[in-house]
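Participant: One structure coming up, written as structure tokens, with questions to follow.
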Amino acid sequence: KAMDNATAVFKFLLIGISNYPEWRVTFFTLVLITYLSTLLGNGLIIFLIYIDPLLHTPMYFFLSNLSFLDLCYGTVSMPQALVHCFSAHPYLSYPQCLTQISVSLALGTAECLLLAVMAYDRVVAVGNPLRYSVVMNGSACAWLAATTWGASLVLTAMLILSLRLHFCGANVINHFVCEILSLLKLACSDTSLNELLILITGIFTLLLPFGFVLLSYVRIATAVLRIRSAQGRLKAFSTCASHLTVVVIFYGAAISMYMKPQSKSSSDQDKFISVLYGALTPMLNPLIYSLRNKDVKGAMRKVMAKKT
């Protein structure tokens, strides 16, 4: 028990960008722009989908879920990275660290599963348009969204509750935020069970959804090739290509972090890879998925017309 109490008062020093002082201002500026874009882009999409009845469709229901996820995901890490940028001793206590890990994991896992659900929605829409409204009815959409959120909470709880870590002095995390792998590397207790659980969870939340998304796009591509008009084909392909770009960045970065043998030291490379799915994807998602769609542009025009 004394050991647990010692762990509870334990503080972690987050290195962040402090080993590159010359990049501090640049990093701060980039993160600030990214965060503000994330808030603005995702906030705008949630607002437009809410107020425009034409956007009350399954696809936009899932997109509003994605935007909400991205808003929260960006908020878990980016404001703290900004505050710590110029702080001499960016410390976090063990409970704070654990809270940040739990929320990040739950949101990240939900996003992995939601991207797969969105791919399924598109497969049904393109491959079976006549039955689309029957298959993707209101209750089916609500069930899929609830399952996504529920599964991510259960998986995260499983990973967090399995953390029985003891620390013996090393308290420097080479990261911008508290992150589960960085934390495991500092523990002096045996972490092999935790690493195994992360690997198993990764198979179900990263590898399988990513495989499913890729297969979905193959099915969409074959359906698109049957479209008669060249312009229709080009439009469908450009949409799919942009979606696939984001999906590959998100899953690819996460897989390269979590699905590899773990070393005892945290490299700078891991720290910067995590920026790809922790900061870049939440900013890119609204640009790629929604703000290019004619329905969303139409909704924006309606809002502008009301204001003038």
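Going through the structure tokens in order, the chains are called A, B, and so on, while each chain numbers its residues from 1 and the ligands are numbered from 1 in the order shown.
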Phe62 (chain A): which residues within 10 Å, counting only C-alpha atoms, same-chain residues fewer than 2 positions away excluded, as a ChimeraX atom specification?

Facilitator: /A:57-60,64-68,114-115,117-118,121,141-142,144-145

Participant: Taking the DSSP secondary structure from the backbone, can you list the residues of region 4-244 of chain A that are helix (DSSP H, G or I), as number ranges by chain?

Facilitator: A: 4-8, 21-51, 53-55, 58-85, 94-127, 129-135, 138-161, 180-186, 192-225, 230-244

Participant: Grab the CA of Gly108 (chain A) to CA of Phe210 (chain A) distance for me, in Å with one decimal place.

Facilitator: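 The value is 13.5 Å.
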
Participant: Could you check which of A:Gln231, A:Asn19, A:Thr109, A:Asn171 is closest to Leu183 (chain A), using only C-alpha atoms?

Facilitator: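 Closest residue, counting only C-alpha atoms: A:Asn171.
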
Participant: For each of A:Ala305, A:Ile220, A:Met259, A:Leu39, take the minimum atom-to-atom distance to Leu284 (chain A), counting only C-alpha atoms, then give the residue where this is smallest.

Facilitator: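 Among the listed residues, A:Leu39 lies closest to Leu284 (chain A).
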
Participant: Near Gly169 (chain A), within 12 Å and counting only C-alpha atoms, which residues show up once chain neighbours fewer than 2 positions away are dropped, as a list in words?

Facilitator: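 The neighbour list is Ala6, Thr7, Phe10, Lys11, Phe12, Leu13, His166, Phe167, Asn171, Val172, Leu186, Ala187 and Cys188 of chain A.
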
Participant: Output all heavy atoms for every residue in the selection just made, as a tab-separated table (two decimals), in the first residue's frame.

Facilitator:
```tsv
chain	number	residue	atom	x	y	z
A	6	ALA	N	3.05	6.01	-2.78
A	6	ALA	CA	4.23	6.67	-3.38
A	6	ALA	C	3.98	6.94	-4.86
A	6	ALA	O	4.30	8.00	-5.37
A	6	ALA	CB	5.46	5.79	-3.20
A	7	THR	N	3.36	5.96	-5.52
A	7	THR	CA	3.04	6.11	-6.95
A	7	THR	C	2.03	7.23	-7.16
A	7	THR	O	2.14	8.01	-8.10
A	7	THR	CB	2.49	4.78	-7.50
A	7	THR	OG1	3.52	3.79	-7.38
A	7	THR	CG2	2.11	4.89	-8.96
A	10	PHE	N	3.54	10.53	-7.19
A	10	PHE	CA	4.63	10.59	-8.16
A	10	PHE	C	4.31	11.62	-9.23
A	10	PHE	O	3.18	11.72	-9.70
A	10	PHE	CB	4.78	9.20	-8.80
A	10	PHE	CG	6.15	8.93	-9.32
A	10	PHE	CD1	7.19	8.66	-8.45
A	10	PHE	CD2	6.40	8.92	-10.68
A	10	PHE	CE1	8.46	8.39	-8.94
A	10	PHE	CE2	7.67	8.64	-11.17
A	10	PHE	CZ	8.70	8.37	-10.30
A	11	LYS	N	5.32	12.41	-9.62
A	11	LYS	CA	5.10	13.41	-10.68
A	11	LYS	C	5.96	13.06	-11.89
A	11	LYS	O	7.09	12.59	-11.75
A	11	LYS	CB	5.48	14.80	-10.17
A	11	LYS	CG	4.40	15.41	-9.32
A	11	LYS	CD	4.62	16.90	-9.20
A	11	LYS	CE	3.32	17.57	-8.90
A	11	LYS	NZ	3.16	18.32	-7.80
A	12	PHE	N	5.43	13.32	-13.07
A	12	PHE	CA	6.16	13.04	-14.31
A	12	PHE	C	6.56	14.34	-14.99
A	12	PHE	O	5.76	15.28	-15.07
A	12	PHE	CB	5.29	12.22	-15.27
A	12	PHE	CG	4.96	10.86	-14.73
A	12	PHE	CD1	3.73	10.64	-14.13
A	12	PHE	CD2	5.87	9.83	-14.78
A	12	PHE	CE1	3.42	9.40	-13.60
A	12	PHE	CE2	5.57	8.59	-14.25
A	12	PHE	CZ	4.34	8.37	-13.66
A	13	LEU	N	7.77	14.36	-15.48
A	13	LEU	CA	8.27	15.52	-16.23
A	13	LEU	C	8.11	15.21	-17.71
A	13	LEU	O	8.68	14.23	-18.21
A	13	LEU	CB	9.74	15.78	-15.89
A	13	LEU	CG	10.43	16.90	-16.66
A	13	LEU	CD1	9.85	18.26	-16.29
A	13	LEU	CD2	11.93	16.90	-16.40
A	166	HIS	N	4.55	0.25	-10.82
A	166	HIS	CA	5.35	0.83	-9.74
A	166	HIS	C	6.51	1.56	-10.38
A	166	HIS	O	7.10	1.08	-11.35
A	166	HIS	CB	5.87	-0.25	-8.79
A	166	HIS	CG	4.77	-0.95	-8.07
A	166	HIS	ND1	3.75	-0.27	-7.44
A	166	HIS	CD2	4.53	-2.28	-7.89
A	166	HIS	CE1	2.92	-1.15	-6.90
A	166	HIS	NE2	3.35	-2.38	-7.17
A	167	PHE	N	6.83	2.73	-9.85
A	167	PHE	CA	7.92	3.54	-10.40
A	167	PHE	C	9.01	3.69	-9.35
A	167	PHE	O	8.73	3.85	-8.17
A	167	PHE	CB	7.40	4.91	-10.84
A	167	PHE	CG	6.30	4.81	-11.85
A	167	PHE	CD1	4.97	4.83	-11.44
A	167	PHE	CD2	6.59	4.65	-13.19
A	167	PHE	CE1	3.95	4.72	-12.36
A	167	PHE	CE2	5.57	4.54	-14.12
A	167	PHE	CZ	4.25	4.56	-13.70
A	171	ASN	N	11.37	9.42	-13.96
A	171	ASN	CA	10.06	10.08	-14.11
A	171	ASN	C	10.00	11.01	-15.32
A	171	ASN	O	9.13	11.85	-15.42
A	171	ASN	CB	9.71	10.86	-12.83
A	171	ASN	CG	10.57	12.09	-12.67
A	171	ASN	OD1	11.70	12.13	-13.17
A	171	ASN	ND2	10.06	13.10	-11.99
A	172	VAL	N	10.95	10.85	-16.26
A	172	VAL	CA	10.97	11.74	-17.43
A	172	VAL	C	10.29	11.06	-18.61
A	172	VAL	O	10.73	9.99	-19.05
A	172	VAL	CB	12.42	12.13	-17.79
A	172	VAL	CG1	12.43	13.01	-19.03
A	172	VAL	CG2	13.08	12.85	-16.63
A	186	LEU	N	8.69	3.60	-18.23
A	186	LEU	CA	9.27	4.13	-16.99
A	186	LEU	C	9.06	3.18	-15.80
A	186	LEU	O	9.75	3.30	-14.79
A	186	LEU	CB	8.62	5.47	-16.63
A	186	LEU	CG	8.94	6.67	-17.52
A	186	LEU	CD1	8.28	7.90	-16.95
A	186	LEU	CD2	10.44	6.88	-17.63
A	187	ALA	N	8.11	2.27	-15.92
A	187	ALA	CA	7.77	1.41	-14.78
A	187	ALA	C	8.90	0.43	-14.50
A	187	ALA	O	9.54	-0.08	-15.41
A	187	ALA	CB	6.49	0.66	-15.08
A	188	CYS	N	9.13	0.17	-13.18
A	188	CYS	CA	10.14	-0.83	-12.85
A	188	CYS	C	9.47	-2.16	-12.48
A	188	CYS	O	10.14	-3.13	-12.16
A	188	CYS	CB	11.08	-0.35	-11.75
A	188	CYS	SG	10.22	0.23	-10.30
```

Participant: Could you name the residues that touch region 26-29 of chain A at 10 Å or less, counting only C-alpha atoms, but leaving out those on the same chain fewer than 5 positions away, as a ChimeraX atom specification?

Facilitator: /A:17,20-21,34-35,78,81-86

Participant: Those same residues - C-alpha atoms - I'd like them written as a PDB file, in the first residue's frame.

Facilitator:
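File again03.pdb, as written:
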```
ATOM      1  CA  ILE A  17       9.802  20.188 -27.226  1.00  0.00           C
ATOM      2  CA  TYR A  20      14.744  21.438 -29.094  1.00  0.00           C
ATOM      3  CA  PRO A  21      14.572  24.982 -27.599  1.00  0.00           C
ATOM      4  CA  THR A  34      -3.722  23.376 -35.747  1.00  0.00           C
ATOM      5  CA  TYR A  35      -5.833  23.535 -32.588  1.00  0.00           C
ATOM      6  CA  MET A  78      -3.087  20.322 -27.687  1.00  0.00           C
ATOM      7  CA  ALA A  81       1.211  20.991 -25.227  1.00  0.00           C
ATOM      8  CA  LEU A  82       0.803  24.765 -25.732  1.00  0.00           C
ATOM      9  CA  VAL A  83       0.995  25.535 -21.988  1.00  0.00           C
ATOM     10  CA  HIS A  84       4.004  23.266 -21.508  1.00  0.00           C
ATOM     11  CA  CYS A  85       5.818  24.768 -24.479  1.00  0.00           C
ATOM     12  CA  PHE A  86       7.236  27.662 -22.426  1.00  0.00           C
TER      13      PHE A  86
END
```
